[in-house]
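K.L.:
Input file: query-v4.cif. Contents: mmCIF, C-alpha atoms and all ligand atoms.
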data_data
#
loop_
_atom_site.label_atom_id
_atom_site.label_comp_id
_atom_site.auth_asym_id
_atom_site.auth_seq_id
_atom_site.Cartn_x
_atom_site.Cartn_y
_atom_site.Cartn_z
CA MET A 1 -123.84 65.60 2.15
CA THR A 2 -121.03 67.73 0.73
CA ALA A 3 -117.49 67.18 -0.50
CA PRO A 4 -114.62 67.47 2.00
CA ASP A 5 -112.37 70.57 2.04
CA PRO A 6 -110.36 70.29 -1.22
CA ARG A 7 -107.49 72.44 0.03
CA PRO A 8 -105.20 69.74 1.50
CA ALA A 9 -105.40 67.67 -1.69
CA LEU A 10 -104.80 70.76 -3.81
CA ALA A 11 -101.81 71.72 -1.70
CA ALA A 12 -100.30 68.26 -2.24
CA GLN A 13 -100.76 68.18 -6.02
CA THR A 14 -97.75 68.94 -8.20
CA ILE A 15 -97.55 69.70 -11.90
CA GLU A 16 -94.38 69.13 -13.94
CA LEU A 17 -93.30 71.67 -16.56
CA PRO A 18 -91.68 70.94 -19.94
CA SER A 19 -88.35 72.69 -20.53
CA TRP A 20 -89.29 73.10 -24.21
CA ALA A 21 -92.28 75.29 -23.34
CA PHE A 22 -89.84 78.11 -22.56
CA ALA A 23 -87.94 77.83 -25.85
CA ASN A 24 -88.94 79.21 -29.23
CA SER A 25 -91.43 77.13 -31.16
CA GLY A 26 -93.89 77.62 -33.94
CA THR A 27 -95.72 75.99 -36.75
CA ARG A 28 -94.25 74.66 -39.95
CA PHE A 29 -95.01 78.09 -41.40
CA LYS A 30 -93.11 80.31 -39.00
CA VAL A 31 -91.36 80.45 -35.66
CA PHE A 32 -91.89 83.82 -34.03
CA GLY A 33 -88.93 84.44 -31.75
CA GLN A 34 -89.61 86.25 -28.50
CA PRO A 35 -87.17 88.53 -26.68
CA GLY A 36 -85.72 87.09 -23.49
CA VAL A 37 -86.17 83.45 -24.51
CA PRO A 38 -83.67 81.08 -22.79
CA ARG A 39 -80.49 80.25 -24.63
CA ASP A 40 -79.68 77.06 -22.76
CA PRO A 41 -81.13 74.54 -20.30
CA TYR A 42 -79.97 76.60 -17.33
CA GLU A 43 -82.09 79.52 -18.44
CA LYS A 44 -85.04 77.25 -19.22
CA VAL A 45 -84.87 75.90 -15.68
CA ALA A 46 -84.73 79.46 -14.35
CA ASP A 47 -87.91 80.33 -16.25
CA ALA A 48 -89.63 77.18 -15.02
CA ALA A 49 -88.69 78.14 -11.47
CA GLN A 50 -90.66 81.36 -11.97
CA VAL A 51 -93.79 79.34 -12.64
CA HIS A 52 -93.23 77.49 -9.38
CA ARG A 53 -92.37 80.71 -7.57
CA TRP A 54 -95.81 82.17 -8.29
CA THR A 55 -98.02 79.08 -8.27
CA GLY A 56 -96.30 76.96 -5.60
CA VAL A 57 -97.32 73.72 -7.31
CA ALA A 58 -94.86 73.29 -10.21
CA PRO A 59 -91.62 72.10 -8.59
CA ARG A 60 -90.22 69.92 -11.41
CA VAL A 61 -88.97 70.48 -14.96
CA SER A 62 -88.88 67.71 -17.60
CA LEU A 63 -85.84 67.67 -19.85
CA HIS A 64 -85.71 66.62 -23.50
CA ILE A 65 -82.50 65.00 -24.74
CA PRO A 66 -80.65 66.19 -26.84
CA TRP A 67 -82.44 69.56 -26.66
CA ASP A 68 -81.29 69.87 -23.06
CA LEU A 69 -77.80 68.45 -23.38
CA VAL A 70 -75.30 69.88 -20.91
CA ASP A 71 -71.83 68.74 -19.94
CA ASP A 72 -72.58 68.59 -16.24
CA TYR A 73 -75.98 67.31 -15.11
CA ALA A 74 -74.97 67.43 -11.46
CA GLY A 75 -74.42 71.15 -12.04
CA LEU A 76 -77.79 71.57 -13.72
CA ARG A 77 -79.38 69.69 -10.84
CA ARG A 78 -77.70 72.02 -8.32
CA HIS A 79 -78.79 75.03 -10.35
CA ALA A 80 -82.38 73.78 -10.22
CA ALA A 81 -82.19 73.15 -6.48
CA GLU A 82 -80.84 76.66 -5.89
CA LEU A 83 -83.90 77.99 -7.70
CA GLY A 84 -86.24 75.82 -5.62
CA VAL A 85 -87.11 73.23 -8.28
CA SER A 86 -85.86 69.79 -9.34
CA LEU A 87 -85.33 67.95 -12.61
CA GLY A 88 -88.19 65.68 -13.62
CA ALA A 89 -88.77 63.20 -16.42
CA ILE A 90 -86.11 62.65 -19.05
CA ASN A 91 -87.66 62.61 -22.55
CA SER A 92 -85.74 60.74 -25.19
CA ASN A 93 -85.68 62.11 -28.72
CA VAL A 94 -85.18 59.69 -31.59
CA PHE A 95 -87.03 61.68 -34.20
CA GLN A 96 -84.65 64.40 -35.36
CA ASP A 97 -81.77 62.51 -36.91
CA ASP A 98 -81.55 61.49 -40.57
CA ASP A 99 -80.98 57.90 -39.49
CA TYR A 100 -84.51 57.77 -38.11
CA MET A 101 -86.32 58.47 -41.37
CA LEU A 102 -87.78 54.95 -41.38
CA GLY A 103 -88.15 54.74 -37.62
CA SER A 104 -86.03 54.28 -34.52
CA LEU A 105 -86.71 51.23 -32.32
CA CYS A 106 -88.89 49.80 -35.12
CA ASN A 107 -86.47 50.55 -37.96
CA PRO A 108 -85.80 47.61 -40.28
CA ASP A 109 -82.06 48.37 -40.05
CA ALA A 110 -80.46 46.80 -36.96
CA ARG A 111 -77.78 49.51 -36.90
CA VAL A 112 -80.37 52.25 -36.53
CA ARG A 113 -82.24 50.27 -33.87
CA ARG A 114 -78.96 49.90 -31.97
CA LYS A 115 -78.38 53.65 -32.18
CA ALA A 116 -81.89 54.32 -30.82
CA VAL A 117 -81.38 51.90 -27.93
CA GLU A 118 -78.01 53.50 -27.15
CA HIS A 119 -79.64 56.92 -27.03
CA HIS A 120 -82.06 55.62 -24.42
CA LEU A 121 -79.24 54.05 -22.42
CA ARG A 122 -77.56 57.46 -22.39
CA CYS A 123 -80.85 58.94 -21.16
CA VAL A 124 -80.86 56.42 -18.29
CA GLU A 125 -77.34 57.53 -17.34
CA ILE A 126 -78.55 61.12 -17.35
CA MET A 127 -81.46 60.11 -15.08
CA ARG A 128 -78.95 58.85 -12.53
CA GLU A 129 -77.23 62.23 -12.59
CA THR A 130 -80.39 64.32 -12.51
CA GLY A 131 -82.16 62.16 -9.94
CA SER A 132 -85.08 61.64 -12.31
CA ARG A 133 -87.62 58.88 -11.81
CA ASP A 134 -89.22 58.71 -15.25
CA LEU A 135 -87.82 57.89 -18.68
CA LYS A 136 -90.46 59.11 -21.07
CA ILE A 137 -90.54 57.61 -24.55
CA TRP A 138 -92.45 58.92 -27.48
CA LEU A 139 -91.55 57.48 -30.87
CA ALA A 140 -92.29 59.05 -34.23
CA ASP A 141 -92.10 55.54 -35.75
CA GLY A 142 -94.68 54.57 -38.29
CA LEU A 143 -95.43 54.07 -41.95
CA ASN A 144 -96.80 56.32 -44.64
CA TYR A 145 -97.72 53.58 -47.11
CA PRO A 146 -99.27 50.14 -46.92
CA GLY A 147 -96.59 47.53 -47.52
CA GLN A 148 -93.79 49.94 -46.61
CA ASP A 149 -92.72 47.60 -43.81
CA ASP A 150 -94.03 44.61 -41.92
CA LEU A 151 -96.46 45.76 -39.22
CA ARG A 152 -95.93 42.73 -37.00
CA ALA A 153 -92.16 42.65 -37.35
CA ARG A 154 -92.06 46.28 -36.26
CA GLN A 155 -93.90 45.38 -33.06
CA GLU A 156 -91.38 42.63 -32.35
CA ARG A 157 -88.47 45.00 -32.87
CA LEU A 158 -90.17 47.53 -30.64
CA ALA A 159 -90.69 44.97 -27.86
CA GLU A 160 -87.06 43.93 -28.11
CA GLY A 161 -85.70 47.47 -27.95
CA LEU A 162 -87.97 48.47 -25.09
CA ALA A 163 -86.95 45.37 -23.13
CA GLU A 164 -83.29 46.29 -23.40
CA ILE A 165 -84.00 49.84 -22.27
CA TYR A 166 -86.20 48.66 -19.42
CA ALA A 167 -83.48 46.29 -18.23
CA ALA A 168 -81.09 49.22 -17.88
CA LEU A 169 -83.37 51.06 -15.45
CA GLY A 170 -82.77 51.02 -11.72
CA PRO A 171 -85.46 50.00 -9.23
CA GLU A 172 -86.13 53.67 -8.59
CA HIS A 173 -86.89 54.32 -12.25
CA ARG A 174 -89.97 53.93 -14.43
CA LEU A 175 -90.34 53.69 -18.19
CA ILE A 176 -93.34 55.69 -19.30
CA LEU A 177 -94.55 55.04 -22.83
CA GLU A 178 -96.54 57.56 -24.81
CA TYR A 179 -98.92 56.85 -27.69
CA LYS A 180 -100.15 59.03 -30.52
CA PHE A 181 -102.61 58.01 -33.17
CA PHE A 182 -101.01 59.74 -36.13
CA GLU A 183 -98.20 62.07 -37.14
CA PRO A 184 -95.56 62.19 -38.47
CA ALA A 185 -96.60 58.85 -40.00
CA PHE A 186 -100.05 58.85 -41.50
CA TYR A 187 -100.83 55.30 -42.62
CA ALA A 188 -99.76 53.43 -39.49
CA THR A 189 -98.17 54.52 -36.25
CA ASP A 190 -96.24 51.94 -34.24
CA ILE A 191 -97.66 53.03 -30.88
CA PRO A 192 -100.97 54.55 -31.96
CA ASP A 193 -103.13 53.97 -28.91
CA TRP A 194 -103.29 53.24 -25.20
CA GLY A 195 -103.92 49.56 -25.87
CA THR A 196 -100.65 49.14 -27.77
CA SER A 197 -98.75 51.10 -25.17
CA LEU A 198 -100.33 49.07 -22.37
CA LEU A 199 -99.51 45.74 -24.06
CA HIS A 200 -95.86 46.71 -24.26
CA CYS A 201 -95.89 47.96 -20.67
CA LEU A 202 -97.45 44.73 -19.42
CA ALA A 203 -94.77 42.72 -21.21
CA LEU A 204 -91.99 44.90 -19.77
CA GLY A 205 -92.89 44.81 -16.10
CA GLU A 206 -94.44 46.69 -13.23
CA ARG A 207 -92.42 49.85 -13.67
CA ALA A 208 -93.62 50.43 -17.22
CA MET A 209 -96.60 52.75 -17.44
CA VAL A 210 -98.65 54.49 -20.10
CA VAL A 211 -98.40 58.24 -20.77
CA LEU A 212 -101.61 59.88 -21.88
CA ASP A 213 -101.04 63.01 -23.94
CA THR A 214 -104.41 64.74 -24.15
CA GLY A 215 -103.64 65.96 -27.68
CA HIS A 216 -103.05 62.48 -29.09
CA HIS A 217 -106.56 61.23 -29.74
CA ALA A 218 -109.08 61.35 -32.52
CA PRO A 219 -111.79 64.00 -32.12
CA GLY A 220 -114.60 62.81 -29.91
CA THR A 221 -112.51 60.23 -28.04
CA ASN A 222 -113.70 59.76 -24.48
CA ILE A 223 -110.36 60.40 -22.78
CA GLU A 224 -111.69 60.03 -19.25
CA PHE A 225 -112.67 56.47 -20.11
CA ILE A 226 -109.04 55.72 -20.97
CA VAL A 227 -107.98 57.36 -17.72
CA ALA A 228 -110.41 55.20 -15.74
CA GLN A 229 -109.31 52.04 -17.55
CA LEU A 230 -105.59 52.62 -17.03
CA LEU A 231 -106.13 53.51 -13.38
CA ARG A 232 -108.04 50.24 -12.90
CA VAL A 233 -104.94 48.27 -13.84
CA GLY A 234 -102.49 50.61 -12.14
CA ARG A 235 -100.76 51.64 -15.37
CA LEU A 236 -101.44 55.33 -15.75
CA GLY A 237 -97.93 56.70 -15.33
CA ALA A 238 -98.37 60.27 -16.46
CA PHE A 239 -100.26 62.88 -18.38
CA ASP A 240 -98.92 65.16 -21.04
CA PHE A 241 -101.49 67.91 -20.64
CA ASN A 242 -102.32 70.34 -23.42
CA SER A 243 -105.30 71.46 -25.49
CA ARG A 244 -106.15 70.66 -29.05
CA PHE A 245 -108.66 72.06 -31.46
CA TYR A 246 -107.70 69.96 -34.50
CA ALA A 247 -104.59 67.85 -34.05
CA ASP A 248 -101.63 67.80 -31.71
CA ASP A 249 -101.96 71.54 -31.24
CA ASP A 250 -100.12 71.69 -27.88
CA LEU A 251 -102.08 74.72 -26.75
CA MET A 252 -102.68 75.63 -23.12
CA VAL A 253 -104.37 72.86 -21.16
CA GLY A 254 -107.96 73.66 -20.36
CA ALA A 255 -108.15 76.30 -23.09
CA ALA A 256 -110.08 74.33 -25.69
CA ASP A 257 -112.29 72.21 -23.47
CA PRO A 258 -112.13 72.88 -19.73
CA PHE A 259 -115.04 70.50 -19.24
CA GLN A 260 -113.00 67.61 -20.65
CA LEU A 261 -110.18 68.48 -18.27
CA PHE A 262 -112.66 68.43 -15.41
CA ARG A 263 -113.97 65.02 -16.50
CA ILE A 264 -110.42 63.69 -16.62
CA MET A 265 -109.61 65.04 -13.17
CA ASN A 266 -112.90 63.67 -11.90
CA GLU A 267 -111.74 60.15 -12.79
CA ILE A 268 -108.43 60.82 -11.07
CA VAL A 269 -110.14 61.98 -7.88
CA ALA A 270 -112.70 59.17 -8.01
CA ALA A 271 -109.88 56.61 -8.14
CA ASP A 272 -107.98 58.41 -5.37
CA ALA A 273 -105.10 58.89 -7.79
CA LEU A 274 -104.41 62.53 -7.02
CA ARG A 275 -102.17 61.57 -4.10
CA PRO A 276 -98.52 61.79 -5.14
CA GLU A 277 -98.05 58.17 -3.94
CA ALA A 278 -100.50 57.05 -6.62
CA GLY A 279 -97.68 57.68 -9.09
CA VAL A 280 -99.48 59.71 -11.74
CA ASN A 281 -97.12 62.39 -12.98
CA PHE A 282 -99.18 65.43 -14.04
CA MET A 283 -97.00 66.95 -16.72
CA LEU A 284 -97.58 69.67 -19.27
CA ASP A 285 -96.47 69.13 -22.87
CA GLN A 286 -97.09 72.46 -24.52
CA CYS A 287 -95.55 75.08 -26.74
CA HIS A 288 -96.35 78.76 -26.72
CA ASN A 289 -95.97 80.09 -30.21
CA ILE A 290 -97.69 83.47 -30.08
CA GLU A 291 -98.19 84.12 -26.37
CA PRO A 292 -95.54 84.93 -23.75
CA LYS A 293 -94.27 81.64 -22.41
CA ILE A 294 -93.88 82.01 -18.65
CA PRO A 295 -97.34 83.49 -18.03
CA ALA A 296 -98.80 80.88 -20.39
CA GLN A 297 -97.28 78.15 -18.26
CA ILE A 298 -98.60 79.85 -15.12
CA ARG A 299 -102.07 80.01 -16.66
CA SER A 300 -101.86 76.34 -17.65
CA VAL A 301 -100.92 75.30 -14.13
CA MET A 302 -103.86 77.33 -12.82
CA ASN A 303 -106.20 75.65 -15.30
CA VAL A 304 -105.16 72.22 -14.03
CA GLN A 305 -105.64 73.40 -10.47
CA GLU A 306 -109.10 74.75 -11.24
CA ALA A 307 -110.20 71.50 -12.88
CA THR A 308 -108.78 69.55 -9.95
CA ALA A 309 -110.54 71.76 -7.41
CA LYS A 310 -113.85 71.24 -9.19
CA ALA A 311 -113.29 67.48 -9.29
CA LEU A 312 -112.59 67.54 -5.56
CA LEU A 313 -115.87 69.39 -5.01
CA VAL A 314 -117.94 66.57 -6.49
CA ASP A 315 -120.21 65.28 -3.76
CA ARG A 316 -119.19 61.60 -4.04
CA ASP A 317 -121.84 60.32 -1.61
CA ALA A 318 -124.62 62.12 -3.45
CA LEU A 319 -123.23 60.89 -6.76
CA ARG A 320 -123.06 57.28 -5.58
CA SER A 321 -126.60 57.28 -4.24
CA ALA A 322 -127.98 58.93 -7.38
CA GLN A 323 -126.15 56.34 -9.49
CA ALA A 324 -127.31 53.45 -7.31
CA SER A 325 -130.92 54.54 -7.50
CA GLY A 326 -130.81 55.05 -11.24
CA ASP A 327 -131.33 58.80 -10.89
CA VAL A 328 -129.86 59.76 -14.25
CA LEU A 329 -130.53 63.47 -14.03
CA GLY A 330 -129.60 63.66 -10.37
CA ALA A 331 -126.23 62.00 -10.93
CA ASN A 332 -125.45 64.28 -13.83
CA ALA A 333 -126.50 67.30 -11.76
CA VAL A 334 -124.01 66.39 -9.02
CA LEU A 335 -121.18 66.53 -11.54
CA MET A 336 -122.46 69.73 -13.13
CA ASP A 337 -122.84 71.43 -9.75
CA ALA A 338 -119.19 70.85 -9.04
CA TYR A 339 -118.13 71.87 -12.56
CA ASN A 340 -120.16 75.08 -12.40
CA THR A 341 -118.65 76.18 -9.08
CA ASP A 342 -116.35 79.17 -9.29
CA VAL A 343 -113.26 77.79 -7.55
CA ARG A 344 -111.10 80.85 -8.08
CA PRO A 345 -111.81 82.31 -4.61
CA LEU A 346 -110.96 78.95 -3.04
CA LEU A 347 -107.65 78.79 -4.91
CA ALA A 348 -106.88 82.39 -4.00
CA GLN A 349 -107.47 81.50 -0.37
CA LEU A 350 -105.24 78.43 -0.64
CA ARG A 351 -102.46 80.56 -2.12
CA ALA A 352 -102.84 83.12 0.66
CA GLU A 353 -102.46 80.32 3.21
CA GLN A 354 -99.26 79.28 1.44
CA GLY A 355 -97.88 82.82 1.45
CA LEU A 356 -98.48 83.25 -2.26
CA GLU A 357 -100.25 86.07 -4.00
CA ALA A 358 -103.85 85.40 -5.02
CA ASP A 359 -103.30 85.99 -8.73
CA PRO A 360 -100.08 84.32 -9.95
CA VAL A 361 -100.27 85.86 -13.44
CA ALA A 362 -100.52 89.39 -12.06
CA ALA A 363 -97.87 88.70 -9.43
CA TYR A 364 -95.45 87.44 -12.07
CA ALA A 365 -96.13 90.49 -14.26
CA ARG A 366 -95.42 92.82 -11.33
CA SER A 367 -92.20 90.98 -10.45
CA GLY A 368 -90.40 92.46 -13.47
CA TYR A 369 -88.72 89.10 -14.29
CA GLY A 370 -89.95 89.22 -17.88
CA GLU A 371 -88.37 92.64 -18.49
CA GLN A 372 -85.23 91.65 -16.63
CA VAL A 373 -84.49 88.62 -18.82
CA VAL A 374 -85.10 90.68 -21.95
CA THR A 375 -82.31 93.04 -20.85
CA GLU A 376 -80.02 90.32 -19.59
CA ARG A 377 -80.34 87.70 -22.30
CA VAL A 378 -78.54 89.56 -25.00
CA GLY A 379 -76.35 87.68 -27.46
CA GLY A 380 -76.11 83.95 -27.81
CA VAL A 381 -78.64 81.88 -29.63
CA GLN A 382 -82.15 81.37 -28.39
CA ALA A 383 -83.14 77.79 -27.69
CA GLY A 384 -85.61 76.16 -29.98
CA TRP A 385 -86.41 72.69 -31.13
CA GLY A 386 -82.76 71.89 -31.68
CA GLY A 387 -81.65 73.04 -28.24
CA VAL A 388 -78.20 74.45 -27.52
CA THR A 389 -75.62 73.35 -25.03
CA ARG A 390 -74.20 75.74 -22.51
CA SER A 391 -70.58 74.92 -23.16
CA ARG A 392 -70.75 74.61 -26.91
CA PRO A 393 -73.14 77.22 -28.20
CA ARG A 394 -73.77 76.73 -31.89
CA PRO A 395 -75.99 78.48 -34.35
CA LEU A 396 -79.47 77.14 -34.19
CA VAL A 397 -81.31 76.40 -37.34
CA PRO A 398 -84.71 75.23 -36.16
CA VAL A 399 -84.29 71.55 -36.99
CA CYS A 400 -87.97 71.25 -37.26
CA ASP A 401 -90.05 74.28 -36.63
CA ALA A 402 -93.17 72.28 -37.18
CA ARG A 403 -94.57 71.87 -33.70
CA TYR A 404 -97.96 71.52 -35.33
CA ILE A 405 -96.96 68.51 -37.30
CA LEU A 406 -94.67 66.94 -34.71
C1 LIG A 501 -94.64 64.55 -29.39
C2 LIG A 501 -95.01 64.00 -28.03
C3 LIG A 501 -93.90 64.05 -27.04
C4 LIG A 501 -93.10 65.33 -27.13
C5 LIG A 501 -92.77 65.66 -28.55
C6 LIG A 501 -92.03 66.96 -28.62
O1 LIG A 501 -95.77 64.77 -30.17
O2 LIG A 501 -96.13 64.68 -27.53
O3 LIG A 501 -94.39 63.93 -25.73
O4 LIG A 501 -91.93 65.13 -26.42
O5 LIG A 501 -93.94 65.75 -29.30
MN MN A 502 -96.54 64.47 -25.41
#
As a first step, turn the structure in this file into structure tokens.

P.N.:
Amino acid sequence: MTAPDPRPALAAQTIELPSWAFANSGTRFKVFGQPGVPRDPYEKVADAAQVHRWTGVAPRVSLHIPWDLVDDYAGLRRHAAELGVSLGAINSNVFQDDDYMLGSLCNPDARVRRKAVEHHLRCVEIMRETGSRDLKIWLADGLNYPGQDDLRARQERLAEGLAEIYAALGPEHRLILEYKFFEPAFYATDIPDWGTSLLHCLALGERAMVVLDTGHHAPGTNIEFIVAQLLRVGRLGAFDFNSRFYADDDLMVGAADPFQLFRIMNEIVAADALRPEAGVNFMLDQCHNIEPKIPAQIRSVMNVQEATAKALLVDRDALRSAQASGDVLGANAVLMDAYNTDVRPLLAQLRAEQGLEADPVAAYARSGYGEQVVTERVGGVQAGWGGVTRSRPRPLVPVCDARYIL
């Protein structure tokens, strides 16, 4: 008994890239700018297209609003199509405006809640122009001190705001709701865990799904259990993949704990949720503060592919019979055999079959794109956490250069 050829499933898998991964970012101590960094969403999309060009499996770019505000989304969509990619999830951003100091959808002030809902309604309009399926919501809402606000009332406000946003979606859209157990609020977060996110999604309707950001859990959390549980009830909408050592580090997926990534992908494969029709959007949510950004995204995509290939190599029949017969060591050995397989030759072969070079990182380096953008992207203001618009370039003061704490 062996696993079937993983290549068709690998060829069908797609990974979505975050536009912000190509912009400058850093910690709250320092943002190290890099030469050639995009100055607007058009250039971010161009860089993302490079990742797809060399890996063949990253055909979509998520946008973050307002970081990726442009005057003409149809134009940005055409630009993406010309480069062989499309626009993916629209991420709302209600955490960088003074009004949101005490929260957005959960804010005690009805005026601020209205403003946050309106922002999301604008995001839905943008989705119609970009052809996006997913509205991704992550809220920084929470409390720093006991008694600061009413925990239950905040949940009611949240439910109300989400319902209005959900009602604005078309049948082709989904609302995907992210959770994070701490930060920037430290006493209580309004959507701290998958259970809270799921409860809101269940109340909203079938097209509301949970987003699992791998960096948003306490150390030691069994993330693959959450994956299995959400898949059981058909509510795993997407991943935000990244690696963490301590907090929400947003480092390259698979860098800190490739075994965890394998275990996650193993649950995906076991539930037959790798198929695009299963509706799990495999997205990256990363920032590259000290390493070059395009190759770091290429490496991240390759890490996801490697974990997926290993998960596909698990001998499911052998695993089932070992589990059924109570063969503890045997069952564990089946998983470890797959995990310990070197899948790089298999992936190189797959790429060759697709007309791609075996080593995407080396191929990108040889292409000269990195040097070319350094020469071309002279003047203007590099994009960062504040974003810049193409038509109205303005000086960029990093609104918050604290990727580590955001
Ligand atoms: C949050 C969360 C969101 C991302 C922002 C930038 O911690 O992970 O997905 O959009 O950071
Ligand atoms: Mn995230």

K.L.:
Check every protein, DNA and RNA residue against ligand LIG 501 (chain A), keep those with an atom at most 8 Å away (counting all atoms listed in the file), and present them as a PyMOL selection string.

P.N.:
chain A and resi 64+91-93+136-140+178+180+183+213+215-216+240+248+285+403+406

K.L.:
Any idea what's packed within 9 Å of A:Asp149, counting all atoms listed in the file, ignoring anything in its chain fewer than 5 positions away? Could you give it as a list in words?

P.N.:
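The contact residues come out as Pro108, Leu143 and Arg154 of chain A.
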
K.L.:
Residues as selected, C-alpha atoms, written as a CSV table (one decimal), keeping the file's coordinate frame, can you do that?

P.N.:
chain,number,residue,atom,x,y,z
A,108,PRO,CA,-85.8,47.6,-40.3
A,143,LEU,CA,-95.4,54.1,-42.0
A,154,ARG,CA,-92.1,46.3,-36.3

K.L.:
Just the residues within 12 Å of A:Phe225, please, counting all atoms listed in the file, with nothing from its chain fewer than 3 positions along; format it as a ChimeraX atom specification.

P.N.:
/A:194,212,220-222,228-232,260,263-268

K.L.:
Find the residues with any atom within 12 Å of (-94.8, 78.7, -10.3); use only C-alpha atoms and the coordinates as given in the file, and write the answer as a count of residues only.

P.N.:
41

K.L.:
Using the file's own x, y and z axes, what box holds all listed atoms of stretch 18-31 of chain A with 8 Å on each side, keeping edges along x, y and z, and what are its centre and edge lengths in Å to one decimal, as lines of an AutoDock Vina configuration file?

P.N.:
center_x = -91.8
center_y = 75.7
center_z = -30.7
size_x = 23.8
size_y = 25.5
size_z = 37.5

K.L.:
May I ask which of the residues A:Arg128, A:Arg344, A:Arg275, A:His217 is the closest one to A:Phe245, counting all atoms listed in the file?

P.N.:
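Closest candidate: A:His217.
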
K.L.:
For A:Asp337, which residue out of A:Ala322, A:Val253, A:Leu313, A:Ile290 is the nearest one, using all atoms listed in the file?

P.N.:
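The shortest atom-to-atom distance to A:Asp337 comes from A:Leu313.
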
K.L.:
So what do you get for atom CA of A:Ala23 versus atom CA of A:Val37, distance-wise?

P.N.:
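Distance between the two atoms: 6.0 Å.
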
K.L.:
Would you work out the distance separating atom CA of A:Phe282 from atom CA of A:Ala238, expressed in Å to one decimal?

P.N.:
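Result for atom CA of A:Phe282 versus atom CA of A:Ala238: 5.8 Å, one decimal.
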
K.L.:
Between atom CA of A:Glu164 and atom CA of A:Arg152, what distance in Å does the model show, to one decimal?

P.N.:
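Pair atom CA of A:Glu164 / atom CA of A:Arg152 returns 18.9 Å.
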
K.L.:
A:Val227, A:Val304, A:Leu135, A:Leu177: which is nearest A:Ala255, counting all atoms listed in the file?

P.N.:
A:Val304

K.L.:
Would you mind listing what lies within 9 Å of A:Phe32 as a list in words, with only C-alpha atoms counted and same-chain residues fewer than 5 positions away left out?

P.N.:
Asn24, Ser25, Gly26, Asn289 and Ile290 of chain A

K.L.:
Which is closer to ligand MN 502 (chain A) than all the others in A:Ser367, A:Asn332, A:Ser321, A:Thr214, using all atoms listed in the file?

P.N.:
A:Thr214

K.L.:
Taking only C-alpha atoms and all ligand atoms into account, name the residue in A:Gly379, A:Gly254, A:Pro8, A:Pro18 that is nearest to ligand MN 502 (chain A).

P.N.:
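When distances to ligand MN 502 (chain A) are compared using only C-alpha atoms and all ligand atoms, the smallest one comes from A:Pro18.
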
K.L.:
Leaving out stretch 38-42 of chain A and any residue of its chain fewer than 6 positions from it, which residues lie within 9 Å of it when counting all atoms listed in the file, given as a list in words?

P.N.:
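Final neighbour list, sorted by chain and number: Ser19, Phe22, Ala23, Asn24, Leu63, Trp67, Asp68, Leu69, Val70, Leu76, His79, Ala80, Val373, Arg377, Gly379, Gly380, Val381, Gln382, Ala383, Gly384, Gly387, Val388, Thr389, Arg390 and Pro393 of chain A.
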
K.L.:
Residues at most 8 Å from A:Arg77, counting all atoms listed in the file, excluding those fewer than 5 positions away in the same chain, as a PyMOL selection string?

P.N.:
chain A and resi 86-87+129-130

K.L.:
Could you write those residues out with C-alpha atoms, as an mmCIF file, in the frame of the given file?

P.N.:
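Dumped to result-v8.cif:
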data_model
loop_
_atom_site.group_PDB
_atom_site.id
_atom_site.type_symbol
_atom_site.label_atom_id
_atom_site.label_comp_id
_atom_site.auth_asym_id
_atom_site.auth_seq_id
_atom_site.Cartn_x
_atom_site.Cartn_y
_atom_site.Cartn_z
ATOM 1 C CA SER A 86 -85.860 69.790 -9.340
ATOM 2 C CA LEU A 87 -85.330 67.950 -12.610
ATOM 3 C CA GLU A 129 -77.230 62.230 -12.590
ATOM 4 C CA THR A 130 -80.390 64.320 -12.510
#

K.L.:
For ligand MN 502 (chain A), which residue among A:Ala21, A:Ala331, A:Cys201, A:Leu319 is the nearest when counting all atoms listed in the file?

P.N.:
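Distance minimum relative to ligand MN 502 (chain A) lands on A:Ala21.
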